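Undergrad: File data.cif follows (mmCIF, C-alpha atoms):
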```
data_structure
#
loop_
_atom_site.label_atom_id
_atom_site.label_comp_id
_atom_site.auth_asym_id
_atom_site.auth_seq_id
_atom_site.Cartn_x
_atom_site.Cartn_y
_atom_site.Cartn_z
CA MET A 1459 -27.12 5.68 3.23
CA ARG A 1460 -28.39 4.04 6.37
CA SER A 1461 -26.12 1.73 8.35
CA VAL A 1462 -26.79 -1.98 8.69
CA ASP A 1463 -27.07 -1.62 12.47
CA ASP A 1464 -29.57 1.27 12.27
CA HIS A 1465 -31.73 -0.62 9.78
CA LEU A 1466 -31.80 -3.72 12.01
CA ALA A 1467 -32.54 -1.65 15.12
CA GLY A 1468 -35.55 -0.08 13.40
CA ILE A 1469 -36.82 -3.52 12.44
CA LEU A 1470 -36.48 -4.98 15.95
CA ASN A 1471 -38.16 -1.92 17.47
CA THR A 1472 -41.14 -2.47 15.18
CA VAL A 1473 -41.62 -6.24 15.18
CA ARG A 1474 -43.77 -7.63 17.98
CA THR A 1475 -43.52 -10.97 19.73
CA LEU A 1476 -46.45 -13.16 18.74
CA ALA A 1477 -49.20 -13.68 21.31
CA PRO A 1478 -49.22 -17.11 22.98
CA LEU A 1479 -51.80 -19.76 22.23
CA GLU A 1480 -52.56 -23.21 23.56
CA VAL A 1481 -51.89 -26.10 21.18
CA GLU A 1482 -52.01 -29.88 21.21
CA LEU A 1483 -48.66 -31.50 21.86
CA GLU A 1484 -48.48 -32.77 18.26
CA GLN A 1485 -48.56 -29.18 16.98
CA ALA A 1486 -45.93 -27.81 19.39
CA LEU A 1487 -42.74 -28.78 17.51
CA GLY A 1488 -40.78 -25.66 16.53
CA THR A 1489 -42.78 -23.31 18.73
CA THR A 1490 -41.50 -21.49 21.81
CA LEU A 1491 -42.78 -22.33 25.27
CA ALA A 1492 -44.79 -19.44 26.75
CA GLU A 1493 -45.26 -20.89 30.23
CA GLU A 1494 -43.19 -22.53 32.92
CA VAL A 1495 -43.79 -26.27 33.01
CA THR A 1496 -43.45 -28.22 36.26
CA SER A 1497 -43.83 -31.92 36.92
CA PRO A 1498 -46.84 -33.00 39.01
CA VAL A 1499 -45.07 -36.22 39.99
CA ALA A 1500 -41.59 -37.55 40.52
CA LEU A 1501 -39.85 -39.09 37.50
CA PRO A 1502 -39.54 -42.01 37.63
CA PRO A 1503 -42.63 -42.20 39.86
CA PHE A 1504 -41.44 -45.46 41.48
CA ASP A 1505 -38.28 -47.55 41.86
CA ASN A 1506 -38.01 -49.73 38.74
CA SER A 1507 -35.65 -52.02 36.91
CA ALA A 1508 -33.23 -50.55 34.37
CA MET A 1509 -32.93 -53.83 32.48
CA ASP A 1510 -34.32 -57.33 32.05
CA GLY A 1511 -33.04 -59.62 34.80
CA TYR A 1512 -33.72 -60.75 38.33
CA ALA A 1513 -34.69 -58.70 41.38
CA VAL A 1514 -32.52 -59.88 44.27
CA ARG A 1515 -31.18 -59.01 47.68
CA ALA A 1516 -27.55 -58.08 47.11
CA GLU A 1517 -26.45 -60.05 50.17
CA ASP A 1518 -27.94 -63.24 48.64
CA VAL A 1519 -25.65 -63.00 45.59
CA ALA A 1520 -22.50 -61.86 47.39
CA ALA A 1521 -20.90 -65.29 46.92
CA VAL A 1522 -21.25 -66.66 43.38
CA PRO A 1523 -22.08 -68.84 41.64
CA VAL A 1524 -25.30 -69.31 43.57
CA THR A 1525 -28.58 -71.01 42.67
CA LEU A 1526 -31.78 -69.34 43.88
CA PRO A 1527 -35.50 -70.07 43.42
CA VAL A 1528 -37.52 -67.81 41.08
CA ILE A 1529 -40.81 -67.20 42.89
CA ASP A 1530 -42.60 -64.96 40.34
CA ASP A 1531 -42.34 -62.67 37.30
CA VAL A 1532 -42.71 -58.87 37.41
CA PRO A 1533 -43.65 -57.45 33.97
CA ALA A 1534 -43.65 -53.75 33.12
CA GLY A 1535 -46.92 -52.18 34.21
CA ASP A 1536 -47.49 -54.73 36.99
CA ASP A 1537 -49.71 -53.16 39.66
CA ARG A 1538 -49.45 -55.96 42.22
CA LEU A 1539 -47.74 -55.41 45.55
CA GLN A 1540 -44.76 -57.76 45.29
CA ALA A 1541 -42.08 -58.70 47.82
CA ILE A 1542 -39.18 -61.12 48.12
CA GLY A 1543 -37.70 -62.67 51.22
CA PRO A 1544 -34.20 -63.94 52.00
CA GLY A 1545 -32.83 -66.33 49.39
CA MET A 1546 -35.56 -65.60 46.83
CA VAL A 1547 -35.54 -63.79 43.46
CA MET A 1548 -38.12 -62.56 40.98
CA ARG A 1549 -37.66 -62.37 37.23
CA ILE A 1550 -38.16 -58.70 36.30
CA MET A 1551 -38.52 -56.78 33.06
CA THR A 1552 -37.18 -53.34 32.13
CA GLY A 1553 -39.38 -50.62 33.63
CA ALA A 1554 -41.19 -52.97 36.02
CA PRO A 1555 -41.64 -51.84 39.65
CA LEU A 1556 -39.03 -53.17 42.04
CA PRO A 1557 -40.48 -55.69 44.57
CA ALA A 1558 -40.23 -54.82 48.23
CA GLY A 1559 -37.18 -56.40 49.83
CA ALA A 1560 -35.11 -56.31 46.61
CA ASP A 1561 -32.17 -53.89 46.50
CA ALA A 1562 -30.46 -54.87 43.21
CA VAL A 1563 -31.19 -56.25 39.75
CA ILE A 1564 -28.98 -58.94 38.21
CA PRO A 1565 -28.95 -58.65 34.37
CA VAL A 1566 -30.15 -61.78 32.64
CA GLU A 1567 -26.77 -61.95 30.86
CA TRP A 1568 -25.11 -62.69 34.23
CA THR A 1569 -27.27 -65.80 34.72
CA ASP A 1570 -28.38 -69.02 33.03
CA ALA A 1571 -31.80 -67.34 32.35
CA GLY A 1572 -33.64 -69.91 34.46
CA THR A 1573 -37.38 -69.61 35.09
CA ALA A 1574 -38.00 -71.94 38.06
CA GLN A 1575 -34.58 -71.41 39.54
CA VAL A 1576 -31.63 -69.34 38.34
CA VAL A 1577 -27.86 -69.68 38.54
CA VAL A 1578 -26.30 -66.27 39.19
CA GLY A 1579 -22.70 -66.01 38.01
CA ARG A 1580 -21.84 -62.44 39.10
CA SER A 1581 -22.62 -60.49 42.24
CA ALA A 1582 -23.97 -56.93 42.34
CA ALA A 1583 -23.87 -54.09 44.82
CA PRO A 1584 -27.06 -52.64 46.31
CA GLY A 1585 -28.72 -50.26 43.83
CA HIS A 1586 -27.34 -51.98 40.73
CA ALA A 1587 -29.59 -51.54 37.64
CA ILE A 1588 -32.29 -49.76 39.62
CA ARG A 1589 -33.88 -46.47 38.57
CA ARG A 1590 -34.78 -44.68 41.78
CA ALA A 1591 -38.02 -42.71 42.11
CA GLY A 1592 -37.38 -39.01 41.49
CA GLU A 1593 -33.78 -39.43 40.31
CA ASP A 1594 -34.64 -37.55 37.07
CA VAL A 1595 -37.26 -35.07 38.33
CA ARG A 1596 -38.81 -34.44 41.71
CA ALA A 1597 -42.48 -33.55 42.07
CA GLY A 1598 -42.86 -29.79 41.60
CA ASP A 1599 -39.55 -29.34 39.75
CA VAL A 1600 -39.47 -26.97 36.77
CA VAL A 1601 -38.71 -29.18 33.78
CA LEU A 1602 -38.89 -26.46 31.09
CA PRO A 1603 -38.74 -22.68 31.65
CA ALA A 1604 -40.74 -20.22 29.54
CA GLY A 1605 -38.85 -19.21 26.41
CA THR A 1606 -37.60 -22.72 25.64
CA PRO A 1607 -37.69 -23.67 21.93
CA ILE A 1608 -39.61 -26.92 21.65
CA GLY A 1609 -37.73 -29.69 19.87
CA PRO A 1610 -38.09 -33.48 20.03
CA ALA A 1611 -36.50 -33.82 23.48
CA GLN A 1612 -38.68 -31.04 24.90
CA LEU A 1613 -41.79 -32.69 23.45
CA GLY A 1614 -40.76 -35.90 25.18
CA VAL A 1615 -40.43 -34.09 28.51
CA LEU A 1616 -43.84 -32.45 28.11
CA ALA A 1617 -45.46 -35.80 27.43
CA GLY A 1618 -43.45 -37.37 30.24
CA VAL A 1619 -44.94 -34.98 32.81
CA GLY A 1620 -48.45 -35.66 31.54
CA ARG A 1621 -49.11 -32.55 29.46
CA ARG A 1622 -51.57 -32.94 26.57
CA ARG A 1623 -51.73 -29.24 25.66
CA VAL A 1624 -49.18 -26.48 26.15
CA LEU A 1625 -49.09 -22.68 25.91
CA VAL A 1626 -46.64 -21.59 23.20
CA ARG A 1627 -45.66 -18.75 20.93
CA PRO A 1628 -46.42 -20.15 17.46
CA ARG A 1629 -44.18 -20.41 14.43
CA PRO A 1630 -44.60 -17.12 12.52
CA ARG A 1631 -46.59 -17.44 9.28
CA VAL A 1632 -44.54 -15.86 6.51
CA VAL A 1633 -45.89 -15.13 3.03
CA ILE A 1634 -43.36 -14.69 0.22
CA ILE A 1635 -44.20 -12.72 -2.92
CA SER A 1636 -41.78 -12.52 -5.86
CA THR A 1637 -42.11 -9.71 -8.39
CA GLY A 1638 -40.79 -9.37 -11.93
CA ALA A 1639 -42.16 -9.65 -15.47
CA GLU A 1640 -39.14 -11.75 -16.40
CA LEU A 1641 -39.90 -14.52 -13.89
CA VAL A 1642 -41.26 -17.94 -14.81
CA GLU A 1643 -42.17 -20.81 -12.48
CA PRO A 1644 -39.60 -23.64 -12.48
CA GLY A 1645 -40.73 -26.43 -14.81
CA MET A 1646 -42.27 -24.04 -17.34
CA PRO A 1647 -40.55 -23.27 -20.66
CA LEU A 1648 -38.50 -20.07 -20.86
CA GLY A 1649 -39.36 -17.40 -23.36
CA PRO A 1650 -37.06 -14.62 -24.61
CA GLY A 1651 -35.77 -12.49 -21.74
CA GLN A 1652 -37.16 -14.79 -19.05
CA ILE A 1653 -35.55 -16.62 -16.10
CA TRP A 1654 -36.84 -19.23 -13.70
CA GLU A 1655 -37.93 -17.78 -10.38
CA SER A 1656 -35.70 -19.00 -7.53
CA ASN A 1657 -35.84 -16.42 -4.76
CA SER A 1658 -39.12 -17.55 -3.23
CA TYR A 1659 -37.85 -21.14 -2.95
CA ALA A 1660 -34.64 -20.07 -1.23
CA LEU A 1661 -36.54 -17.71 1.07
CA LEU A 1662 -39.18 -20.34 1.84
CA ALA A 1663 -36.46 -22.75 2.93
CA ALA A 1664 -34.74 -20.02 4.96
CA VAL A 1665 -38.02 -19.19 6.72
CA ARG A 1666 -38.61 -22.81 7.67
CA GLU A 1667 -35.03 -23.23 8.82
CA ALA A 1668 -35.47 -20.13 10.99
CA GLY A 1669 -38.54 -21.56 12.70
CA GLY A 1670 -41.32 -20.03 10.62
CA GLU A 1671 -44.14 -21.43 8.49
CA GLY A 1672 -43.53 -20.29 4.93
CA TYR A 1673 -46.01 -19.87 2.06
CA ARG A 1674 -45.22 -18.98 -1.56
CA ALA A 1675 -47.79 -16.58 -2.97
CA GLY A 1676 -46.62 -16.87 -6.56
CA ILE A 1677 -45.18 -14.36 -8.98
CA VAL A 1678 -46.50 -10.83 -9.53
CA SER A 1679 -45.58 -9.02 -12.72
CA ASP A 1680 -44.28 -5.44 -12.77
CA ASP A 1681 -47.69 -3.99 -11.97
CA ALA A 1682 -48.30 -2.03 -8.75
CA ALA A 1683 -52.07 -2.59 -8.72
CA GLY A 1684 -51.63 -6.34 -9.24
CA PHE A 1685 -49.09 -6.42 -6.43
CA LEU A 1686 -51.46 -4.65 -4.02
CA ASP A 1687 -54.28 -7.05 -4.89
CA GLN A 1688 -52.02 -10.02 -4.19
CA LEU A 1689 -50.76 -8.46 -0.95
CA ASP A 1690 -54.30 -7.76 0.31
CA ALA A 1691 -55.31 -11.35 -0.44
CA GLN A 1692 -52.35 -12.75 1.50
CA LEU A 1693 -52.54 -10.64 4.66
CA VAL A 1694 -55.26 -12.83 6.19
CA ARG A 1695 -52.75 -15.68 6.64
CA ALA A 1696 -49.59 -13.69 7.35
CA ASP A 1697 -47.74 -12.68 10.50
CA LEU A 1698 -44.97 -11.33 8.26
CA VAL A 1699 -44.59 -10.68 4.51
CA ILE A 1700 -41.43 -10.87 2.41
CA THR A 1701 -41.34 -9.43 -1.09
CA SER A 1702 -38.49 -10.02 -3.51
CA GLY A 1703 -37.62 -7.49 -6.19
CA GLY A 1704 -39.21 -4.20 -7.18
CA VAL A 1705 -37.32 -1.95 -4.73
CA SER A 1706 -34.46 -0.47 -6.80
CA MET A 1707 -34.08 3.01 -8.26
CA GLY A 1708 -35.21 2.25 -11.83
CA ALA A 1709 -38.57 2.15 -13.56
CA TYR A 1710 -40.98 -0.78 -13.19
CA GLU A 1711 -40.46 -1.20 -9.46
CA PRO A 1712 -43.94 -2.37 -8.39
CA VAL A 1713 -43.27 -2.86 -4.67
CA LYS A 1714 -41.85 0.61 -4.22
CA GLU A 1715 -44.51 2.15 -6.43
CA ALA A 1716 -47.34 0.40 -4.56
CA LEU A 1717 -46.14 0.78 -0.97
CA GLY A 1718 -44.32 4.11 -1.11
CA PRO A 1719 -47.52 6.23 -1.05
CA LEU A 1720 -48.87 4.35 1.98
CA GLY A 1721 -46.30 6.01 4.22
CA THR A 1722 -45.94 2.93 6.46
CA VAL A 1723 -43.08 1.26 4.55
CA ARG A 1724 -39.72 2.98 4.41
CA PHE A 1725 -37.33 2.43 1.49
CA ASP A 1726 -33.63 3.00 2.16
CA ARG A 1727 -30.22 2.55 0.69
CA VAL A 1728 -28.38 0.53 3.35
CA ALA A 1729 -24.57 0.69 3.45
CA MET A 1730 -23.98 -2.96 2.61
CA GLN A 1731 -22.91 -5.13 -0.28
CA PRO A 1732 -24.77 -7.03 -1.56
CA GLY A 1733 -28.28 -5.83 -0.76
CA MET A 1734 -28.16 -2.02 -0.71
CA PRO A 1735 -31.85 -1.34 -1.63
CA GLN A 1736 -34.04 -2.29 1.33
CA GLY A 1737 -37.60 -1.66 2.38
CA PHE A 1738 -39.29 -2.30 5.71
CA GLY A 1739 -42.49 -1.27 7.42
CA VAL A 1740 -45.98 -2.44 8.30
CA VAL A 1741 -49.07 -2.98 6.17
CA GLY A 1742 -52.76 -3.66 6.75
CA GLU A 1743 -55.06 -3.04 9.69
CA ASP A 1744 -53.06 -5.43 11.87
CA HIS A 1745 -49.74 -3.71 11.07
CA ILE A 1746 -48.15 -6.82 9.58
CA PRO A 1747 -44.35 -6.38 9.19
CA LEU A 1748 -43.23 -6.34 5.55
CA PHE A 1749 -39.69 -6.81 4.29
CA ALA A 1750 -39.12 -5.55 0.76
CA LEU A 1751 -35.90 -7.31 -0.25
CA PRO A 1752 -33.88 -6.77 -3.42
CA GLY A 1753 -34.40 -9.12 -6.34
CA ASN A 1754 -30.87 -10.34 -6.95
CA PRO A 1755 -30.73 -13.83 -5.43
CA VAL A 1756 -27.62 -13.35 -3.29
CA SER A 1757 -28.79 -9.92 -2.13
CA SER A 1758 -32.14 -11.38 -1.15
CA PHE A 1759 -30.59 -14.24 0.82
CA VAL A 1760 -28.01 -12.08 2.61
CA SER A 1761 -30.77 -9.60 3.52
CA PHE A 1762 -32.81 -12.43 5.00
CA MET A 1763 -29.90 -13.56 7.17
CA LEU A 1764 -29.17 -10.05 8.45
CA PHE A 1765 -32.68 -8.65 8.90
CA VAL A 1766 -35.50 -11.18 8.58
CA ARG A 1767 -33.97 -13.95 10.66
CA PRO A 1768 -33.51 -11.73 13.78
CA ALA A 1769 -37.08 -10.47 13.33
CA LEU A 1770 -38.40 -14.03 13.27
CA ARG A 1771 -36.52 -14.78 16.49
CA LYS A 1772 -38.21 -11.85 18.21
CA MET A 1773 -41.61 -12.92 16.91
CA ARG A 1774 -40.96 -16.41 18.32
CA GLY A 1775 -40.14 -14.99 21.76
CA LEU A 1776 -36.41 -15.71 21.51
CA PRO A 1777 -33.47 -13.34 22.15
CA ALA A 1778 -33.01 -11.22 19.02
CA GLY A 1779 -30.10 -9.15 17.78
CA PRO A 1780 -27.47 -9.10 15.07
CA THR A 1781 -26.84 -12.44 13.40
CA PRO A 1782 -24.15 -14.27 15.44
CA THR A 1783 -20.60 -14.43 14.07
CA VAL A 1784 -17.47 -16.48 14.75
CA ARG A 1785 -13.83 -15.51 14.36
CA ALA A 1786 -11.82 -16.86 11.45
CA VAL A 1787 -8.56 -16.22 9.58
CA THR A 1788 -8.62 -15.33 5.89
CA ALA A 1789 -6.99 -17.79 3.51
CA ALA A 1790 -6.76 -15.17 0.75
CA PRO A 1791 -6.66 -11.37 0.43
CA LEU A 1792 -10.02 -9.54 0.53
CA ARG A 1793 -11.25 -6.33 -1.06
CA SER A 1794 -14.33 -4.30 -0.17
CA PRO A 1795 -15.80 -0.92 -1.26
CA GLN A 1796 -15.25 2.06 1.01
CA GLY A 1797 -18.23 2.96 3.17
CA LYS A 1798 -20.11 -0.32 2.83
CA ARG A 1799 -20.16 -3.40 5.04
CA SER A 1800 -19.40 -6.32 2.75
CA PHE A 1801 -20.70 -9.83 3.18
CA LEU A 1802 -18.44 -11.96 1.01
CA ARG A 1803 -19.39 -15.54 0.34
CA GLY A 1804 -16.76 -17.93 1.65
CA VAL A 1805 -15.93 -21.47 2.71
CA LEU A 1806 -15.18 -21.82 6.43
CA ALA A 1807 -12.84 -24.75 7.10
CA PRO A 1808 -12.63 -26.83 10.30
CA ASP A 1809 -9.20 -25.31 11.03
CA GLY A 1810 -10.77 -21.84 11.40
CA THR A 1811 -9.64 -20.44 8.05
CA VAL A 1812 -12.10 -18.97 5.58
CA GLU A 1813 -11.57 -18.60 1.84
CA PRO A 1814 -13.77 -16.42 -0.40
CA VAL A 1815 -15.46 -18.13 -3.34
CA ARG A 1816 -14.33 -16.90 -6.75
CA ARG A 1817 -17.62 -15.37 -7.93
CA GLN A 1818 -19.00 -12.63 -5.69
CA GLY A 1819 -21.71 -11.12 -7.92
CA SER A 1820 -25.09 -10.55 -6.32
CA HIS A 1821 -26.72 -12.58 -9.10
CA GLN A 1822 -24.43 -15.61 -8.80
CA LEU A 1823 -26.59 -18.05 -6.91
CA ALA A 1824 -24.44 -21.10 -7.72
CA ALA A 1825 -21.48 -19.44 -6.00
CA LEU A 1826 -23.65 -18.83 -2.92
CA ALA A 1827 -24.64 -22.49 -2.92
CA SER A 1828 -20.96 -23.46 -2.74
CA ALA A 1829 -20.37 -21.24 0.32
CA ASN A 1830 -21.02 -22.05 3.97
CA ALA A 1831 -20.26 -18.63 5.46
CA LEU A 1832 -20.44 -14.88 4.95
CA ILE A 1833 -17.19 -13.01 5.58
CA VAL A 1834 -17.91 -9.63 7.17
CA VAL A 1835 -15.69 -6.73 6.09
CA PRO A 1836 -16.42 -3.47 8.01
CA GLU A 1837 -17.40 -0.22 6.30
CA ASP A 1838 -14.05 1.49 6.91
CA VAL A 1839 -11.93 -1.39 5.55
CA THR A 1840 -11.18 -1.71 1.85
CA GLU A 1841 -8.45 -4.37 1.88
CA LEU A 1842 -7.42 -7.25 4.13
CA PRO A 1843 -4.32 -9.39 3.63
CA GLU A 1844 -4.21 -13.15 3.78
CA GLY A 1845 -4.01 -14.21 7.43
CA ALA A 1846 -6.17 -11.36 8.73
CA ASN A 1847 -8.70 -11.98 11.49
CA VAL A 1848 -12.32 -11.51 10.40
CA GLU A 1849 -15.86 -12.05 11.66
CA VAL A 1850 -17.79 -14.73 9.83
CA ILE A 1851 -21.50 -15.57 9.76
CA PRO A 1852 -21.86 -19.36 9.44
CA LEU A 1853 -24.60 -20.44 7.04
#
```
Just give me the structure of the file as structure tokens.
TA:
Amino acid sequence: MRSVDDHLAGILNTVRTLAPLEVELEQALGTTLAEEVTSPVALPPFDNSAMDGYAVRAEDVAAVPVTLPVIDDVPAGDDRLQAIGPGMVMRIMTGAPLPAGADAVIPVEWTDAGTAQVVVGRSAAPGHAIRRAGEDVRAGDVVLPAGTPIGPAQLGVLAGVGRRRVLVRPRPRVVIISTGAELVEPGMPLGPGQIWESNSYALLAAVREAGGEGYRAGIVSDDAAGFLDQLDAQLVRADLVITSGGVSMGAYEPVKEALGPLGTVRFDRVAMQPGMPQGFGVVGEDHIPLFALPGNPVSSFVSFMLFVRPALRKMRGLPAGPTPTVRAVTAAPLRSPQGKRSFLRGVLAPDGTVEPVRRQGSHQLAALASANALIVVPEDVTELPEGANVEVIPL
């Protein structure tokens, strides 16, 4: 059997980072920045008011209460050159440029809200409620380095420095194909010996959660030729393909039967539980990576977490390696087969303890749904007592 680490290393040595492309800002969410972004201007570009109130000279409101004349209004977006002299104030709105001569803003709540004249009830120090030009970003500053995942805040920064388009590494397009003559689409009636197909839905959600664009390609029966036809049809829209089922040692294994003769996809027994049968390689003229995952639902999901998720990170231009773990303390004894790395489903508590769920079968999807972690038991360990320290993969 091949080790988990060797299998992952082979995957990461094969998978390529996607080439960058320029996209509109609206399409950039979830992508990875492929260029360094600098600001052409200072942010804010001018001194402006942080709140609705009155632009004043601090020395004029040092002794309060004081009544002062309101000589004008300054709305946000005002492009007039404004100034105040001694003993004068201007009513000012949030974001409006600060008039020359003013060195503080009195919030409207500290006044009687007058329009011709205003009674100020509290004094303010110079600089109060003023956003200074360049206090967030100076002109020429790097606001986002290359390799930054683009989320809502990053999109706001890009728009804030005037970018309309941006160079990114796109979200990988992932096609998911489920195989098995026993599978039926959810919502359809079950016949004898049939089950509703669930793996592609779980994998689709996992792909999207990992930053990819997922597409279900439907169910292929236990027919190698039919599988190849479906695969060929899907490659035009795929940066990566995931198949589920058809990789075990028995008869009627269409994925193995179809891809084995190509010589570009390797099928291994990986020293892990669940998920021992694994396939990985490349297909098509563009050498699209293909993951052939086992058909049992838990095996398929665990395999995604260990192997597909790191591959997607590399494709997105992010640091890639083994799935991160945290330390925890077992709340119950654990058992694991000799020579295999076990990934037991468990519930990780806020106090740092983790308890295995009762049902650990690779087909028991409901038990997986009740877990929030995978407890990692190394290959050379067969038993762990309650209170032992373990590595845990949070889900």
Undergrad: Which is closest to Glu1715 in chain A among A:Val1615, A:Lys1772, A:Gln1485, A:Gly1684, if we use all atoms listed in the file?
TA: A:Gly1684
Undergrad: Counting all atoms listed in the file, what is within 12 Å of Asp1463 in chain A, bar same-chain residues fewer than 2 positions away, as a list in words?
TA: Met1459, Arg1460, Ser1461, His1465, Leu1466, Ala1467, Gly1468, Ile1469, Leu1470, Val1728, Ala1729, Met1730, Leu1764, Phe1765, Gly1779, Pro1780, Thr1781, Lys1798, Arg1799, Pro1836 and Glu1837 of chain A
Undergrad: Just say which residues the PyMOL selection byres ((chain A and resi 1508) around 8) picks in this file, as a list in words.
TA: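 Checking the PyMOL selection byres ((chain A and resi 1508) around 8) against this file, the residues are Asn1506, Ser1507, Met1509, Asp1510, Thr1552, Gly1553, Ala1587, Ile1588 and Arg1589 of chain A.
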Undergrad: Could you spell out the hits of the PyMOL selection byres ((chain A and resi 1643) around 12) on the shown file, as a ChimeraX atom specification?
TA: /A:1636-1642,1644-1649,1652-1659,1674-1678
Undergrad: Name the residues in contact with Gly1511 in chain A at a cut-off of 6 Å, using only C-alpha atoms, excluding same-chain residues fewer than 4 positions from it; report them as a list in words.
TA: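 Close residues of Gly1511 in chain A: Arg1549, Ile1550, Ile1564, Pro1565 and Val1566 of chain A.
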Undergrad: Output the residue selection produced by the PyMOL selection byres ((chain A and resi 1498) around 10) on the file above, formatted as number ranges by chain.
TA: A: 1495-1497, 1499-1501, 1595-1600, 1619-1621
Undergrad: Here is a test: counting only C-alpha atoms, which residue of A:Glu1841, A:Glu1494, A:Asp1531, A:Glu1849 is nearest to Val1624 in chain A?
TA: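 Looking at the shortest contact to Val1624 in chain A, the residue is A:Glu1494.
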Undergrad: Let me make sure I understand: among A:Glu1593, A:Asp1838, A:Glu1813, A:Glu1711, which one has the smallest atom-to-atom distance to Phe1504 in chain A if we use all atoms listed in the file?
TA: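 For Phe1504 in chain A, the nearest of the given residues is A:Glu1593.
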Undergrad: Need to verify the contact set: Pro1747 in chain A, 6 Å, all atoms listed in the file, exclusion of same-chain residues closer than 4 positions in sequence. Can you return it as a list in words?
TA: Leu1698, Gly1739 and Val1740 of chain A
